[in-house]
Each structure stands twice: as C-alpha cells, then as structure tokens.
$ cat data07.txt   # compact mmCIF, N, CA and C atoms
# COMPACT_ATOMS: atom_id res chain seq x y z
N MET A 1 107.67 98.21 48.66
CA MET A 1 106.70 97.17 48.41
C MET A 1 105.78 97.63 47.29
N GLU A 2 105.67 96.81 46.28
CA GLU A 2 104.81 97.11 45.14
C GLU A 2 103.84 95.96 44.94
N LEU A 3 102.57 96.28 44.76
CA LEU A 3 101.56 95.27 44.48
C LEU A 3 101.15 95.37 43.02
N GLU A 4 101.02 94.20 42.40
CA GLU A 4 100.63 94.14 40.99
C GLU A 4 99.45 93.19 40.85
N LEU A 5 98.36 93.68 40.25
CA LEU A 5 97.20 92.85 40.00
C LEU A 5 97.53 91.90 38.85
N VAL A 6 97.48 90.61 39.12
CA VAL A 6 97.78 89.59 38.11
C VAL A 6 96.51 89.22 37.37
N SER A 7 95.43 88.94 38.11
CA SER A 7 94.15 88.63 37.49
C SER A 7 93.04 88.79 38.52
N ALA A 8 91.84 89.02 38.00
CA ALA A 8 90.66 89.13 38.85
C ALA A 8 89.48 88.58 38.06
N GLY A 9 88.80 87.63 38.65
CA GLY A 9 87.63 87.05 37.99
C GLY A 9 86.76 86.36 39.01
N GLY A 10 85.47 86.64 38.94
CA GLY A 10 84.58 86.06 39.94
C GLY A 10 84.96 86.56 41.31
N ASP A 11 85.15 85.64 42.23
CA ASP A 11 85.55 86.03 43.58
C ASP A 11 86.99 85.64 43.89
N LEU A 12 87.80 85.45 42.83
CA LEU A 12 89.21 85.09 43.00
C LEU A 12 90.09 86.18 42.40
N VAL A 13 91.00 86.69 43.21
CA VAL A 13 91.92 87.74 42.79
C VAL A 13 93.34 87.26 43.03
N ARG A 14 94.20 87.46 42.03
CA ARG A 14 95.62 87.12 42.16
C ARG A 14 96.42 88.42 42.15
N ILE A 15 97.27 88.56 43.19
CA ILE A 15 98.11 89.75 43.33
C ILE A 15 99.53 89.30 43.60
N ARG A 16 100.49 89.97 42.97
CA ARG A 16 101.91 89.70 43.20
C ARG A 16 102.50 90.85 44.00
N LEU A 17 103.22 90.51 45.05
CA LEU A 17 103.92 91.51 45.85
C LEU A 17 105.39 91.48 45.44
N ILE A 18 105.90 92.63 45.06
CA ILE A 18 107.27 92.72 44.56
C ILE A 18 108.07 93.58 45.53
N GLY A 19 109.21 93.09 45.92
CA GLY A 19 110.09 93.84 46.81
C GLY A 19 109.92 93.45 48.27
N ARG A 20 110.52 94.22 49.12
CA ARG A 20 110.50 93.96 50.56
C ARG A 20 109.11 94.25 51.12
N VAL A 21 108.66 93.39 52.04
CA VAL A 21 107.35 93.58 52.66
C VAL A 21 107.55 94.49 53.86
N VAL A 22 107.45 95.78 53.59
CA VAL A 22 107.59 96.82 54.62
C VAL A 22 106.54 97.89 54.33
N ARG A 23 106.11 98.58 55.36
CA ARG A 23 105.06 99.60 55.19
C ARG A 23 105.59 100.98 55.50
N THR A 24 106.62 101.42 54.79
CA THR A 24 107.16 102.75 55.01
C THR A 24 106.28 103.83 54.41
N ASP A 25 105.37 103.45 53.52
CA ASP A 25 104.52 104.41 52.83
C ASP A 25 103.07 104.35 53.31
N SER A 26 102.84 103.94 54.55
CA SER A 26 101.49 103.71 55.04
C SER A 26 100.65 104.99 55.09
N VAL A 27 101.27 106.16 55.20
CA VAL A 27 100.51 107.40 55.24
C VAL A 27 100.02 107.77 53.85
N SER A 28 100.88 107.67 52.85
CA SER A 28 100.50 108.05 51.49
C SER A 28 99.67 106.97 50.80
N ASP A 29 99.76 105.74 51.25
CA ASP A 29 99.01 104.64 50.64
C ASP A 29 98.48 103.74 51.77
N PRO A 30 97.40 104.16 52.45
CA PRO A 30 96.93 103.42 53.62
C PRO A 30 96.35 102.04 53.32
N ASP A 31 95.87 101.81 52.10
CA ASP A 31 95.26 100.53 51.77
C ASP A 31 95.68 100.08 50.37
N PRO A 32 96.90 99.57 50.24
CA PRO A 32 97.39 99.21 48.90
C PRO A 32 96.60 98.10 48.22
N LEU A 33 96.01 97.17 48.98
CA LEU A 33 95.21 96.13 48.35
C LEU A 33 93.98 96.72 47.66
N ALA A 34 93.29 97.64 48.34
CA ALA A 34 92.11 98.28 47.76
C ALA A 34 92.51 99.15 46.56
N ARG A 35 93.66 99.79 46.63
CA ARG A 35 94.12 100.61 45.50
C ARG A 35 94.33 99.76 44.27
N VAL A 36 94.88 98.57 44.44
CA VAL A 36 95.21 97.70 43.32
C VAL A 36 93.99 96.92 42.82
N ALA A 37 93.15 96.44 43.74
CA ALA A 37 92.07 95.52 43.35
C ALA A 37 90.67 96.04 43.64
N GLY A 38 90.53 97.25 44.14
CA GLY A 38 89.20 97.81 44.39
C GLY A 38 88.77 97.66 45.84
N GLN A 39 87.80 98.48 46.23
CA GLN A 39 87.33 98.52 47.61
C GLN A 39 86.71 97.21 48.07
N ASP A 40 86.16 96.42 47.15
CA ASP A 40 85.51 95.16 47.52
C ASP A 40 86.47 93.99 47.60
N VAL A 41 87.75 94.24 47.52
CA VAL A 41 88.75 93.17 47.50
C VAL A 41 88.62 92.24 48.71
N TYR A 42 88.23 92.77 49.85
CA TYR A 42 88.19 91.99 51.08
C TYR A 42 87.04 90.98 51.11
N LYS A 43 86.13 91.06 50.16
CA LYS A 43 85.03 90.10 50.07
C LYS A 43 85.42 88.88 49.24
N ASN A 44 86.58 88.92 48.63
CA ASN A 44 87.04 87.89 47.72
C ASN A 44 88.09 86.97 48.35
N SER A 45 88.44 85.95 47.61
CA SER A 45 89.61 85.13 47.95
C SER A 45 90.78 85.73 47.19
N VAL A 46 91.79 86.15 47.91
CA VAL A 46 92.96 86.78 47.29
C VAL A 46 94.17 85.89 47.50
N LEU A 47 94.79 85.52 46.38
CA LEU A 47 96.05 84.78 46.41
C LEU A 47 97.16 85.81 46.29
N LEU A 48 97.94 85.95 47.34
CA LEU A 48 99.03 86.93 47.36
C LEU A 48 100.35 86.19 47.16
N ASP A 49 100.93 86.38 45.99
CA ASP A 49 102.18 85.74 45.59
C ASP A 49 103.35 86.52 46.18
N LEU A 50 104.11 85.87 47.06
CA LEU A 50 105.26 86.51 47.69
C LEU A 50 106.59 85.99 47.16
N SER A 51 106.57 85.38 45.99
CA SER A 51 107.79 84.77 45.44
C SER A 51 108.88 85.79 45.13
N GLU A 52 108.50 87.06 44.92
CA GLU A 52 109.49 88.09 44.60
C GLU A 52 109.81 88.97 45.80
N SER A 53 109.55 88.45 46.99
CA SER A 53 109.84 89.17 48.23
C SER A 53 110.75 88.32 49.10
N ASP A 54 111.92 88.84 49.41
CA ASP A 54 112.86 88.06 50.20
C ASP A 54 113.07 88.63 51.61
N TYR A 55 112.24 89.63 51.99
CA TYR A 55 112.41 90.25 53.30
C TYR A 55 111.07 90.74 53.80
N ILE A 56 110.83 90.56 55.10
CA ILE A 56 109.64 91.11 55.75
C ILE A 56 110.06 91.62 57.11
N ASP A 57 109.55 92.80 57.47
CA ASP A 57 109.85 93.34 58.80
C ASP A 57 108.57 93.41 59.63
N SER A 58 108.67 93.99 60.82
CA SER A 58 107.51 94.02 61.72
C SER A 58 106.35 94.83 61.13
N SER A 59 106.65 95.88 60.38
CA SER A 59 105.57 96.65 59.77
C SER A 59 104.87 95.84 58.68
N GLY A 60 105.62 95.01 57.97
CA GLY A 60 105.03 94.13 56.97
C GLY A 60 104.18 93.04 57.60
N LEU A 61 104.65 92.48 58.71
CA LEU A 61 103.87 91.48 59.44
C LEU A 61 102.58 92.09 59.97
N SER A 62 102.68 93.29 60.50
CA SER A 62 101.50 93.99 61.01
C SER A 62 100.50 94.24 59.88
N TRP A 63 100.99 94.66 58.73
CA TRP A 63 100.11 94.90 57.58
C TRP A 63 99.39 93.63 57.17
N LEU A 64 100.11 92.51 57.12
CA LEU A 64 99.47 91.23 56.76
C LEU A 64 98.39 90.85 57.77
N LEU A 65 98.64 91.08 59.05
CA LEU A 65 97.65 90.76 60.08
C LEU A 65 96.41 91.65 59.96
N VAL A 66 96.62 92.93 59.69
CA VAL A 66 95.49 93.84 59.50
C VAL A 66 94.68 93.42 58.28
N CYS A 67 95.36 93.07 57.20
CA CYS A 67 94.67 92.60 56.00
C CYS A 67 93.89 91.33 56.30
N HIS A 68 94.51 90.39 56.99
CA HIS A 68 93.84 89.14 57.35
C HIS A 68 92.55 89.43 58.12
N LYS A 69 92.61 90.34 59.07
CA LYS A 69 91.44 90.70 59.86
C LYS A 69 90.36 91.30 58.98
N ARG A 70 90.73 92.17 58.06
CA ARG A 70 89.75 92.79 57.16
C ARG A 70 89.06 91.74 56.29
N PHE A 71 89.83 90.77 55.81
CA PHE A 71 89.25 89.69 55.01
C PHE A 71 88.26 88.89 55.85
N CYS A 72 88.63 88.55 57.07
CA CYS A 72 87.74 87.78 57.95
C CYS A 72 86.44 88.54 58.21
N GLU A 73 86.54 89.83 58.45
CA GLU A 73 85.36 90.65 58.74
C GLU A 73 84.45 90.79 57.52
N ALA A 74 85.01 90.80 56.31
CA ALA A 74 84.24 91.02 55.09
C ALA A 74 83.76 89.72 54.46
N GLY A 75 84.22 88.59 54.97
CA GLY A 75 83.79 87.30 54.43
C GLY A 75 84.69 86.74 53.35
N GLY A 76 85.82 87.37 53.13
CA GLY A 76 86.78 86.87 52.14
C GLY A 76 87.90 86.12 52.82
N GLN A 77 88.95 85.86 52.06
CA GLN A 77 90.12 85.21 52.65
C GLN A 77 91.39 85.62 51.92
N LEU A 78 92.45 85.75 52.66
CA LEU A 78 93.76 86.08 52.14
C LEU A 78 94.63 84.83 52.24
N LEU A 79 95.21 84.44 51.12
CA LEU A 79 96.09 83.27 51.09
C LEU A 79 97.45 83.70 50.57
N LEU A 80 98.47 83.53 51.39
CA LEU A 80 99.84 83.84 51.01
C LEU A 80 100.46 82.59 50.40
N HIS A 81 101.19 82.75 49.33
CA HIS A 81 101.84 81.57 48.75
C HIS A 81 103.19 81.92 48.14
N SER A 82 103.97 80.89 47.92
CA SER A 82 105.29 80.98 47.28
C SER A 82 106.24 81.89 48.06
N LEU A 83 106.26 81.72 49.37
CA LEU A 83 107.11 82.54 50.21
C LEU A 83 108.58 82.13 50.08
N ALA A 84 109.44 83.13 50.03
CA ALA A 84 110.88 82.87 50.07
C ALA A 84 111.21 82.25 51.43
N PRO A 85 112.24 81.43 51.50
CA PRO A 85 112.57 80.78 52.78
C PRO A 85 112.74 81.76 53.95
N SER A 86 113.35 82.90 53.71
CA SER A 86 113.56 83.86 54.80
C SER A 86 112.24 84.45 55.30
N VAL A 87 111.32 84.73 54.40
CA VAL A 87 110.01 85.26 54.79
C VAL A 87 109.20 84.19 55.50
N LYS A 88 109.24 82.98 54.95
CA LYS A 88 108.52 81.86 55.58
C LYS A 88 109.04 81.61 56.99
N GLU A 89 110.33 81.66 57.17
CA GLU A 89 110.93 81.43 58.49
C GLU A 89 110.54 82.53 59.48
N THR A 90 110.52 83.77 59.03
CA THR A 90 110.12 84.88 59.91
C THR A 90 108.67 84.71 60.36
N ILE A 91 107.79 84.37 59.42
CA ILE A 91 106.38 84.15 59.76
C ILE A 91 106.24 82.97 60.72
N ARG A 92 106.99 81.90 60.47
CA ARG A 92 106.93 80.73 61.34
C ARG A 92 107.49 81.04 62.73
N MET A 93 108.61 81.75 62.77
CA MET A 93 109.24 82.09 64.04
C MET A 93 108.32 82.95 64.91
N MET A 94 107.55 83.83 64.29
CA MET A 94 106.60 84.67 65.01
C MET A 94 105.28 83.94 65.27
N ARG A 95 105.21 82.69 64.81
CA ARG A 95 104.04 81.83 64.96
C ARG A 95 102.80 82.37 64.25
N LEU A 96 103.03 83.21 63.27
CA LEU A 96 101.92 83.77 62.50
C LEU A 96 101.39 82.78 61.47
N ASP A 97 102.12 81.69 61.26
CA ASP A 97 101.61 80.64 60.38
C ASP A 97 100.40 79.96 61.00
N LEU A 98 100.17 80.18 62.30
CA LEU A 98 99.00 79.64 62.98
C LEU A 98 97.77 80.53 62.76
N VAL A 99 98.00 81.76 62.29
CA VAL A 99 96.92 82.73 62.06
C VAL A 99 96.70 82.96 60.57
N LEU A 100 97.77 83.21 59.87
CA LEU A 100 97.68 83.51 58.43
C LEU A 100 97.54 82.23 57.63
N ASN A 101 96.89 82.33 56.48
CA ASN A 101 96.76 81.20 55.55
C ASN A 101 97.98 81.19 54.64
N VAL A 102 98.84 80.20 54.81
CA VAL A 102 100.08 80.12 54.05
C VAL A 102 100.10 78.81 53.27
N ALA A 103 100.39 78.91 51.97
CA ALA A 103 100.49 77.73 51.11
C ALA A 103 101.86 77.72 50.44
N ASP A 104 102.32 76.52 50.11
CA ASP A 104 103.64 76.39 49.47
C ASP A 104 103.71 77.07 48.11
N ASP A 105 102.64 76.92 47.31
CA ASP A 105 102.63 77.49 45.96
C ASP A 105 101.20 77.85 45.58
N GLU A 106 101.02 78.36 44.37
CA GLU A 106 99.70 78.81 43.95
C GLU A 106 98.70 77.67 43.85
N SER A 107 99.11 76.52 43.39
CA SER A 107 98.16 75.41 43.28
C SER A 107 97.68 74.96 44.66
N ALA A 108 98.55 74.97 45.65
CA ALA A 108 98.14 74.63 47.02
C ALA A 108 97.20 75.70 47.58
N ALA A 109 97.44 76.95 47.24
CA ALA A 109 96.55 78.03 47.68
C ALA A 109 95.17 77.88 47.04
N LEU A 110 95.14 77.53 45.76
CA LEU A 110 93.86 77.29 45.08
C LEU A 110 93.10 76.14 45.72
N GLU A 111 93.81 75.13 46.13
CA GLU A 111 93.18 73.99 46.79
C GLU A 111 92.54 74.42 48.12
N LEU A 112 93.21 75.30 48.85
CA LEU A 112 92.63 75.82 50.09
C LEU A 112 91.36 76.62 49.82
N VAL A 113 91.35 77.38 48.72
CA VAL A 113 90.15 78.13 48.34
C VAL A 113 89.01 77.17 48.04
N ARG A 114 89.31 76.13 47.28
CA ARG A 114 88.28 75.13 46.93
C ARG A 114 87.71 74.46 48.16
N LYS A 115 88.57 74.10 49.09
CA LYS A 115 88.12 73.45 50.33
C LYS A 115 87.25 74.38 51.16
N ALA A 116 87.61 75.65 51.23
CA ALA A 116 86.82 76.61 52.00
C ALA A 116 85.45 76.85 51.36
N ALA A 117 85.37 76.73 50.05
CA ALA A 117 84.10 76.97 49.35
C ALA A 117 83.14 75.81 49.49
N SER A 118 83.64 74.63 49.78
CA SER A 118 82.75 73.46 49.87
C SER A 118 82.30 73.16 51.28

$ encode --input "data07.txt" --output "structure tokens"
Amino acid sequence: MELELVSAGGDLVRIRLIGRVVRTDSVSDPDPLARVAGQDVYKNSVLLDLSESDYIDSSGLSWLLVCHKRFCEAGGQLLLHSLAPSVKETIRMMRLDLVLNVADDESAALELVRKAAS
C-alpha cells in the first residue's frame, strides 16, 4: 500500500492510495496518513482516492476504521471515493458503508464535504 499526496490546500487534502489496501508494514509505518500529509491531517477533510486499489483485506479495513475514528475525534472527516467494484463490495458486505464515508467519485466526495461544512 502506497499513499501519494495529490494536493493540500486550506482544510482539504487529496490523497491517492496505490496498490492493495493491506497493513503489512504497520510496525515500520504506524501512521501513513500523517507521514504523507502531516500530523494535523486528521483535522482536515481528506479525500482518499481508491481507484488504483483492487483489493482490501481485514487489516486494510481495520486501518480505515482506525483512521475514521481519528478523524472523528480531531474534527475532520475521511471520505473514500472511486472504489473498485471488489473493494466496494467488500466494504458493503462487511456493512462498513454504514460507518465509513463512501462516495462514487471525487465530485460526489466534494459535495459531501460541502454539505458537512454548511
């Protein structure tokens, strides 16, 4: 799993996740979001693009839930978008779509950010 900072401005951060959503490197890289976007990332609205990820396992689901909790505690929000069908189905099957913020694409994710701000 590789995270790439796409853009950061104001309180909106765009990050692309490349590869399989698995946390095999959790010891050497305990907080990849903070490494990529800074320690204050959890105070922002983060659009996490999953278009280049076609697989997620239980460690990846757990990581997303931990991240979601950190965003809630810090006053920010994590929005997942552009999920591959297999990843979307896994999240739906585990009923995590009821907890996580999932949007079809980036424009839908931006709309959710706008609605939350108003």

$ closest_residue --input "data07.txt" --among "A:Ser45, A:Ser118, A:Ser82, A:Ser53" --to "A:Asp104" --atoms "only N, CA and C atoms"
A:Ser82

$ closest_residue --input "data07.txt" --among "A:Leu47, A:Val87, A:Ala117, A:Leu33" --to "A:Ser7" --atoms "only C-alpha atoms"
A:Leu47

$ atom_distance --input "data07.txt" --atom1 "atom CA of A:Ala109" --atom2 "atom C of A:Ser59"
22.5 Å

$ residues_around --input "data07.txt" --residues "A:Ala8" --least-positions-apart "5" --cutoff "12 Å" --atoms "only C-alpha atoms" --output "number ranges by chain"
A: 13-15, 36-38, 40-41, 44-47

$ axis_aligned_box --input "data07.txt" --around "stretch 1-8 of chain A" --padding-each-side "8 Å" --output "AutoDock Vina command-line options"
--center_x 98.6 --center_y 93.4 --center_z 43.0 --size_x 34.2 --size_y 25.6 --size_z 27.3

$ select_by_dssp --input "data07.txt" --residues "stretch 1-117 of chain A" --states "strand (DSSP E or B)" --output "mmCIF file with N, CA and C atoms, in the frame of the given file"
data_model
loop_
_atom_site.group_PDB
_atom_site.id
_atom_site.type_symbol
_atom_site.label_atom_id
_atom_site.label_comp_id
_atom_site.auth_asym_id
_atom_site.auth_seq_id
_atom_site.Cartn_x
_atom_site.Cartn_y
_atom_site.Cartn_z
ATOM 1 N N GLU A 2 105.670 96.810 46.280
ATOM 2 C CA GLU A 2 104.810 97.110 45.140
ATOM 3 C C GLU A 2 103.840 95.960 44.940
ATOM 4 N N LEU A 3 102.570 96.280 44.760
ATOM 5 C CA LEU A 3 101.560 95.270 44.480
ATOM 6 C C LEU A 3 101.150 95.370 43.020
ATOM 7 N N GLU A 4 101.020 94.200 42.400
ATOM 8 C CA GLU A 4 100.630 94.140 40.990
ATOM 9 C C GLU A 4 99.450 93.190 40.850
ATOM 10 N N LEU A 5 98.360 93.680 40.250
ATOM 11 C CA LEU A 5 97.200 92.850 40.000
ATOM 12 C C LEU A 5 97.530 91.900 38.850
ATOM 13 N N VAL A 6 97.480 90.610 39.120
ATOM 14 C CA VAL A 6 97.780 89.590 38.110
ATOM 15 C C VAL A 6 96.510 89.220 37.370
ATOM 16 N N SER A 7 95.430 88.940 38.110
ATOM 17 C CA SER A 7 94.150 88.630 37.490
ATOM 18 C C SER A 7 93.040 88.790 38.520
ATOM 19 N N ALA A 8 91.840 89.020 38.000
ATOM 20 C CA ALA A 8 90.660 89.130 38.850
ATOM 21 C C ALA A 8 89.480 88.580 38.060
ATOM 22 N N GLY A 9 88.800 87.630 38.650
ATOM 23 C CA GLY A 9 87.630 87.050 37.990
ATOM 24 C C GLY A 9 86.760 86.360 39.010
ATOM 25 N N LEU A 12 87.800 85.450 42.830
ATOM 26 C CA LEU A 12 89.210 85.090 43.000
ATOM 27 C C LEU A 12 90.090 86.180 42.400
ATOM 28 N N VAL A 13 91.000 86.690 43.210
ATOM 29 C CA VAL A 13 91.920 87.740 42.790
ATOM 30 C C VAL A 13 93.340 87.260 43.030
ATOM 31 N N ARG A 14 94.200 87.460 42.030
ATOM 32 C CA ARG A 14 95.620 87.120 42.160
ATOM 33 C C ARG A 14 96.420 88.420 42.150
ATOM 34 N N ILE A 15 97.270 88.560 43.190
ATOM 35 C CA ILE A 15 98.110 89.750 43.330
ATOM 36 C C ILE A 15 99.530 89.300 43.600
ATOM 37 N N ARG A 16 100.490 89.970 42.970
ATOM 38 C CA ARG A 16 101.910 89.700 43.200
ATOM 39 C C ARG A 16 102.500 90.850 44.000
ATOM 40 N N LEU A 17 103.220 90.510 45.050
ATOM 41 C CA LEU A 17 103.920 91.510 45.850
ATOM 42 C C LEU A 17 105.390 91.480 45.440
ATOM 43 N N ILE A 18 105.900 92.630 45.060
ATOM 44 C CA ILE A 18 107.270 92.720 44.560
ATOM 45 C C ILE A 18 108.070 93.580 45.530
ATOM 46 N N VAL A 21 108.660 93.390 52.040
ATOM 47 C CA VAL A 21 107.350 93.580 52.660
ATOM 48 C C VAL A 21 107.550 94.490 53.860
ATOM 49 N N SER A 45 88.440 85.950 47.610
ATOM 50 C CA SER A 45 89.610 85.130 47.950
ATOM 51 C C SER A 45 90.780 85.730 47.190
ATOM 52 N N VAL A 46 91.790 86.150 47.910
ATOM 53 C CA VAL A 46 92.960 86.780 47.290
ATOM 54 C C VAL A 46 94.170 85.890 47.500
ATOM 55 N N LEU A 47 94.790 85.520 46.380
ATOM 56 C CA LEU A 47 96.050 84.780 46.410
ATOM 57 C C LEU A 47 97.160 85.810 46.290
ATOM 58 N N LEU A 48 97.940 85.950 47.340
ATOM 59 C CA LEU A 48 99.030 86.930 47.360
ATOM 60 C C LEU A 48 100.350 86.190 47.160
ATOM 61 N N ASP A 49 100.930 86.380 45.990
ATOM 62 C CA ASP A 49 102.180 85.740 45.590
ATOM 63 C C ASP A 49 103.350 86.520 46.180
ATOM 64 N N LEU A 50 104.110 85.870 47.060
ATOM 65 C CA LEU A 50 105.260 86.510 47.690
ATOM 66 C C LEU A 50 106.590 85.990 47.160
ATOM 67 N N SER A 51 106.570 85.380 45.990
ATOM 68 C CA SER A 51 107.790 84.770 45.440
ATOM 69 C C SER A 51 108.880 85.790 45.130
ATOM 70 N N GLU A 52 108.500 87.060 44.920
ATOM 71 C CA GLU A 52 109.490 88.090 44.600
ATOM 72 C C GLU A 52 109.810 88.970 45.800
ATOM 73 N N ILE A 56 110.830 90.560 55.100
ATOM 74 C CA ILE A 56 109.640 91.110 55.750
ATOM 75 C C ILE A 56 110.060 91.620 57.110
ATOM 76 N N GLN A 77 88.950 85.860 52.060
ATOM 77 C CA GLN A 77 90.120 85.210 52.650
ATOM 78 C C GLN A 77 91.390 85.620 51.920
ATOM 79 N N LEU A 78 92.450 85.750 52.660
ATOM 80 C CA LEU A 78 93.760 86.080 52.140
ATOM 81 C C LEU A 78 94.630 84.830 52.240
ATOM 82 N N LEU A 79 95.210 84.440 51.120
ATOM 83 C CA LEU A 79 96.090 83.270 51.090
ATOM 84 C C LEU A 79 97.450 83.700 50.570
ATOM 85 N N LEU A 80 98.470 83.530 51.390
ATOM 86 C CA LEU A 80 99.840 83.840 51.010
ATOM 87 C C LEU A 80 100.460 82.590 50.400
ATOM 88 N N HIS A 81 101.190 82.750 49.330
ATOM 89 C CA HIS A 81 101.840 81.570 48.750
ATOM 90 C C HIS A 81 103.190 81.920 48.140
ATOM 91 N N ASN A 101 96.890 82.330 56.480
ATOM 92 C CA ASN A 101 96.760 81.200 55.550
ATOM 93 C C ASN A 101 97.980 81.190 54.640
ATOM 94 N N VAL A 102 98.840 80.200 54.810
ATOM 95 C CA VAL A 102 100.080 80.120 54.050
ATOM 96 C C VAL A 102 100.100 78.810 53.270
ATOM 97 N N ALA A 103 100.390 78.910 51.970
ATOM 98 C CA ALA A 103 100.490 77.730 51.110
ATOM 99 C C ALA A 103 101.860 77.720 50.440
#

$ select_by_dssp --input "data07.txt" --residues "chain A" --states "alpha helix (DSSP H)" --output "PyMOL selection string"
chain A and resi 32-37+58-74+85-93+106-117

$ closest_residue --input "data07.txt" --among "A:Val113, A:Leu48, A:Ala34, A:Leu100" --to "A:Ser62" --atoms "only C-alpha atoms"
A:Leu100

$ closest_residue --input "data07.txt" --among "A:Asp49, A:Lys43, A:Val21, A:His81" --to "A:Leu61" --atoms "only N, CA and C atoms"
A:Val21

$ atom_distance --input "data07.txt" --atom1 "atom CA of A:Leu83" --atom2 "atom CA of A:Lys115"
21.1 Å

$ decode --input "data07.txt" --residues "stretch 5-12 of chain A" --atoms "all heavy atoms" --output "PDB file, in the first residue's frame"
ATOM      1  N   LEU A   5       0.411  12.030  -1.819  1.00  0.00           N
ATOM      2  CA  LEU A   5      -0.266  13.304  -1.627  1.00  0.00           C
ATOM      3  C   LEU A   5      -0.512  13.929  -2.995  1.00  0.00           C
ATOM      4  O   LEU A   5       0.422  14.193  -3.741  1.00  0.00           O
ATOM      5  CB  LEU A   5       0.576  14.238  -0.758  1.00  0.00           C
ATOM      6  CG  LEU A   5      -0.027  15.595  -0.448  1.00  0.00           C
ATOM      7  CD1 LEU A   5      -1.304  15.453   0.375  1.00  0.00           C
ATOM      8  CD2 LEU A   5       0.991  16.461   0.292  1.00  0.00           C
ATOM      9  N   VAL A   6      -1.779  14.147  -3.321  1.00  0.00           N
ATOM     10  CA  VAL A   6      -2.150  14.741  -4.611  1.00  0.00           C
ATOM     11  C   VAL A   6      -2.191  16.253  -4.478  1.00  0.00           C
ATOM     12  O   VAL A   6      -1.619  16.971  -5.292  1.00  0.00           O
ATOM     13  CB  VAL A   6      -3.507  14.184  -5.107  1.00  0.00           C
ATOM     14  CG1 VAL A   6      -3.947  14.885  -6.379  1.00  0.00           C
ATOM     15  CG2 VAL A   6      -3.429  12.677  -5.292  1.00  0.00           C
ATOM     16  N   SER A   7      -2.862  16.758  -3.433  1.00  0.00           N
ATOM     17  CA  SER A   7      -2.910  18.198  -3.195  1.00  0.00           C
ATOM     18  C   SER A   7      -3.339  18.455  -1.759  1.00  0.00           C
ATOM     19  O   SER A   7      -3.985  17.616  -1.135  1.00  0.00           O
ATOM     20  CB  SER A   7      -3.876  18.889  -4.156  1.00  0.00           C
ATOM     21  OG  SER A   7      -5.209  18.514  -3.888  1.00  0.00           O
ATOM     22  N   ALA A   8      -2.960  19.626  -1.271  1.00  0.00           N
ATOM     23  CA  ALA A   8      -3.358  20.054   0.067  1.00  0.00           C
ATOM     24  C   ALA A   8      -3.519  21.562   0.025  1.00  0.00           C
ATOM     25  O   ALA A   8      -2.614  22.272  -0.404  1.00  0.00           O
ATOM     26  CB  ALA A   8      -2.320  19.647   1.104  1.00  0.00           C
ATOM     27  N   GLY A   9      -4.675  22.018   0.442  1.00  0.00           N
ATOM     28  CA  GLY A   9      -4.932  23.451   0.477  1.00  0.00           C
ATOM     29  C   GLY A   9      -6.080  23.745   1.404  1.00  0.00           C
ATOM     30  O   GLY A   9      -7.110  23.078   1.356  1.00  0.00           O
ATOM     31  N   GLY A  10      -5.888  24.730   2.271  1.00  0.00           N
ATOM     32  CA  GLY A  10      -6.932  25.023   3.240  1.00  0.00           C
ATOM     33  C   GLY A  10      -7.142  23.822   4.136  1.00  0.00           C
ATOM     34  O   GLY A  10      -6.191  23.274   4.684  1.00  0.00           O
ATOM     35  N   ASP A  11      -8.374  23.397   4.256  1.00  0.00           N
ATOM     36  CA  ASP A  11      -8.663  22.225   5.082  1.00  0.00           C
ATOM     37  C   ASP A  11      -9.069  21.016   4.237  1.00  0.00           C
ATOM     38  O   ASP A  11      -9.702  20.096   4.725  1.00  0.00           O
ATOM     39  CB  ASP A  11      -9.739  22.545   6.114  1.00  0.00           C
ATOM     40  CG  ASP A  11     -11.057  22.969   5.476  1.00  0.00           C
ATOM     41  OD1 ASP A  11     -11.090  23.160   4.249  1.00  0.00           O
ATOM     42  OD2 ASP A  11     -12.054  23.092   6.208  1.00  0.00           O
ATOM     43  N   LEU A  12      -8.668  21.024   2.954  1.00  0.00           N
ATOM     44  CA  LEU A  12      -8.975  19.911   2.053  1.00  0.00           C
ATOM     45  C   LEU A  12      -7.681  19.273   1.564  1.00  0.00           C
ATOM     46  O   LEU A  12      -6.800  19.951   1.035  1.00  0.00           O
ATOM     47  CB  LEU A  12      -9.802  20.394   0.858  1.00  0.00           C
ATOM     48  CG  LEU A  12     -10.228  19.318  -0.127  1.00  0.00           C
ATOM     49  CD1 LEU A  12     -11.207  18.347   0.528  1.00  0.00           C
ATOM     50  CD2 LEU A  12     -10.861  19.949  -1.352  1.00  0.00           C
TER      51      LEU A  12
END
